[in-house]
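To start, the structure itself, in structure tokens.
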Amino acid sequence: MTSGLWELVLQGVWVTIQLLVLSGLLATAVAFVAGVARTHRLWIVRFLAGLYTEVFRGTSALVMIFWVFFVLPPAFGWQLVPLWAGTLALGLTYGAYGAEIVRGALGAVDPAQKEGGIALSFTPWQRMRLILLPQAVPEMIPPFSNLLIELLKGTALVSVMGMGDLAFSGNLVRLALQESAEIYTYVLLIYFVIAFLLTRVMRGLEKRLKAGVGKAPAPKAETVAAEPAGAGGGLR
């Protein structure tokens, strides 16, 4: 490929990374809000959070992008730029999956921990912030890592809006060179490299969060000098 075509691909990589970061941040925020709401003591809060989760988890991310970019603007009289439309659609869709991860991790915390917080007269927010989340968040990292990889692959859907992401740029280069195998191999390798780096970062974050959480320090091995049997006799 010429330098101009490589520049086009690199621009697509940059757009994909921007979309991944922005939609990932939105999905994380939505996941924690909805996931914590799924454990709320008020049934109406649990119902609304569950309704959001089921609706966005049960619909196609591609169709959601169409709705946000093509259907909603005429209805409300405004138009989002492709980057923000993709961020909103992907963030809300993958946030619904993340909400179930948060709810499951909070539910897996030992009930004795919650009872201890009640015994200490902690408010529900204090129990959540000081007891439940510090223990639940490390357990969320592996499934969140998988979800982030799925989100990376889902960013290719924004090409339907004509957004110049990696998939869209790769297709333009393919049309210019008429070389499908070579171009799409490059695109696959770029996605793989980004996913591999994300996995390494998430594993490092998991190790850091799990270090010492709920684990007592290993006791030091004490060496006890025992007298040999029959060694109690004195000098004659």
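Ligands are numbered from 1 in the order shown, residues from 1 within each chain, and chains are lettered A, B, ... in the order they appear in the structure tokens.
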Handout entry: Close residues, range 106-114 of chain A itself excluded, 9 Å, only C-alpha atoms, min 4 positions apart in chain, as a list in words
Key = Gly35, Val36, Thr39, Ile101, Val102, Ile118, Ala119, Arg127, Met128, Ile131, Leu132, Leu133, Gln135, Ala136 and Val137 of chain A
Long-range neighbours of Met161 in chain A as a CSV table (one decimal) with N, CA and C atoms, in the first residue's frame, 12 Å cut-off, only C-alpha atoms, 4 positions minimum in chain:
chain,number,residue,atom,x,y,z
A,62,LEU,N,-26.7,-2.9,16.1
A,62,LEU,CA,-26.8,-2.3,14.8
A,62,LEU,C,-28.1,-1.5,14.6
A,63,VAL,N,-29.2,-2.1,15.0
A,63,VAL,CA,-30.5,-1.4,14.9
A,63,VAL,C,-30.5,-0.2,15.8
A,64,MET,N,-29.9,-0.3,16.9
A,64,MET,CA,-29.9,0.8,17.9
A,64,MET,C,-29.1,2.0,17.2
A,65,ILE,N,-28.0,1.7,16.5
A,65,ILE,CA,-27.3,2.7,15.8
A,65,ILE,C,-28.2,3.4,14.8
A,66,PHE,N,-28.9,2.6,14.0
A,66,PHE,CA,-29.8,3.2,13.0
A,66,PHE,C,-30.8,4.1,13.7
A,67,TRP,N,-31.4,3.6,14.9
A,67,TRP,CA,-32.4,4.4,15.6
A,67,TRP,C,-31.8,5.8,16.0
A,68,VAL,N,-30.6,5.7,16.6
A,68,VAL,CA,-30.0,6.9,17.2
A,68,VAL,C,-29.6,7.9,16.1
A,69,PHE,N,-29.1,7.4,14.9
A,69,PHE,CA,-28.6,8.3,13.9
A,69,PHE,C,-29.6,8.6,12.8
A,70,PHE,N,-30.6,7.7,12.5
A,70,PHE,CA,-31.5,8.0,11.4
A,70,PHE,C,-32.9,8.2,11.9
A,80,LEU,N,-27.2,14.1,15.7
A,80,LEU,CA,-25.9,13.9,16.3
A,80,LEU,C,-24.9,13.6,15.3
A,81,VAL,N,-23.6,14.0,15.5
A,81,VAL,CA,-22.5,13.7,14.6
A,81,VAL,C,-22.3,12.2,14.8
A,82,PRO,N,-21.7,11.5,13.8
A,82,PRO,CA,-21.6,10.0,13.9
A,82,PRO,C,-20.8,9.5,15.1
A,83,LEU,N,-19.8,10.3,15.5
A,83,LEU,CA,-19.0,9.8,16.7
A,83,LEU,C,-19.9,9.7,17.9
A,84,TRP,N,-20.7,10.8,18.2
A,84,TRP,CA,-21.5,10.8,19.4
A,84,TRP,C,-22.7,9.9,19.2
A,85,ALA,N,-23.2,9.7,18.0
A,85,ALA,CA,-24.3,8.8,17.9
A,85,ALA,C,-23.8,7.3,18.1
A,86,GLY,N,-22.7,7.0,17.6
A,86,GLY,CA,-22.1,5.7,17.9
A,86,GLY,C,-21.8,5.5,19.3
A,155,THR,N,-17.5,-1.8,17.5
A,155,THR,CA,-17.3,-0.5,16.9
A,155,THR,C,-17.3,-0.5,15.4
A,156,ALA,N,-17.1,-1.7,14.8
A,156,ALA,CA,-17.1,-1.8,13.3
A,156,ALA,C,-18.5,-1.5,12.8
A,157,LEU,N,-19.5,-1.6,13.6
A,157,LEU,CA,-20.9,-1.4,13.2
A,157,LEU,C,-21.2,0.1,12.8
A,165,ASP,N,-14.2,4.8,10.6
A,165,ASP,CA,-13.4,3.9,11.6
A,165,ASP,C,-12.5,3.0,10.8
A,167,ALA,N,-12.9,-0.3,10.1
A,167,ALA,CA,-13.6,-1.1,9.2
A,167,ALA,C,-13.9,-0.3,7.9
A,168,PHE,N,-14.4,0.9,8.1
A,168,PHE,CA,-14.8,1.7,6.9
A,168,PHE,C,-13.5,2.1,6.1
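Closest approach to Phe47 in chain A from the set A:Ala34, A:Leu88, A:Ala176, A:Leu26 is made by A:Ala34, with distances taken over only C-alpha atoms.
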Practice task
Return as JSON, numbers by chain the full set of residues in range 98-135 of chain A whose backbone-based DSSP assignment is helix (DSSP H, G or I).
Solution key: {"A": [98, 99, 100, 101, 102, 103, 104, 105, 106, 107, 111, 112, 113, 114, 115, 116, 117, 118, 119, 124, 125, 126, 127, 128, 129, 130, 131, 132, 133, 134, 135]}
Exercise for the section: Calculate how many Å separate CA of Phe144 in chain A from CA of Gly170 in chain A, rounding to one decimal. Expected result: 27.8 Å
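Separating CA of Gly98 in chain A from CA of Gly162 in chain A is a distance of 27.6 Å.
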Could you pull the residues within 8 Å of Thr53 in chain A, counting only C-alpha atoms, minus those fewer than 4 positions along the same chain, as an mmCIF file with C-alpha atoms, in the first residue's frame?
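File produced: result-v4.cif:
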data_model
loop_
_atom_site.group_PDB
_atom_site.id
_atom_site.type_symbol
_atom_site.label_atom_id
_atom_site.label_comp_id
_atom_site.auth_asym_id
_atom_site.auth_seq_id
_atom_site.Cartn_x
_atom_site.Cartn_y
_atom_site.Cartn_z
ATOM 1 C CA ALA A 34 -28.075 0.177 36.496
ATOM 2 C CA ALA A 49 -33.223 -0.802 36.004
ATOM 3 C CA ARG A 57 -29.736 -6.320 26.022
ATOM 4 C CA ALA A 96 -26.901 -3.222 29.721
ATOM 5 C CA TYR A 97 -24.628 -6.272 29.582
ATOM 6 C CA ALA A 99 -25.206 -4.011 34.466
ATOM 7 C CA GLU A 100 -25.715 -7.757 34.831
#
Exercise for the section: Go through A:Glu115, A:Ser169, A:Lys153, A:Glu139 and flag the residue nearest Glu7 in chain A, using only C-alpha atoms for the distances. Expected result: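 Ranked by minimum distance to Glu7 in chain A, first place goes to A:Ser169.
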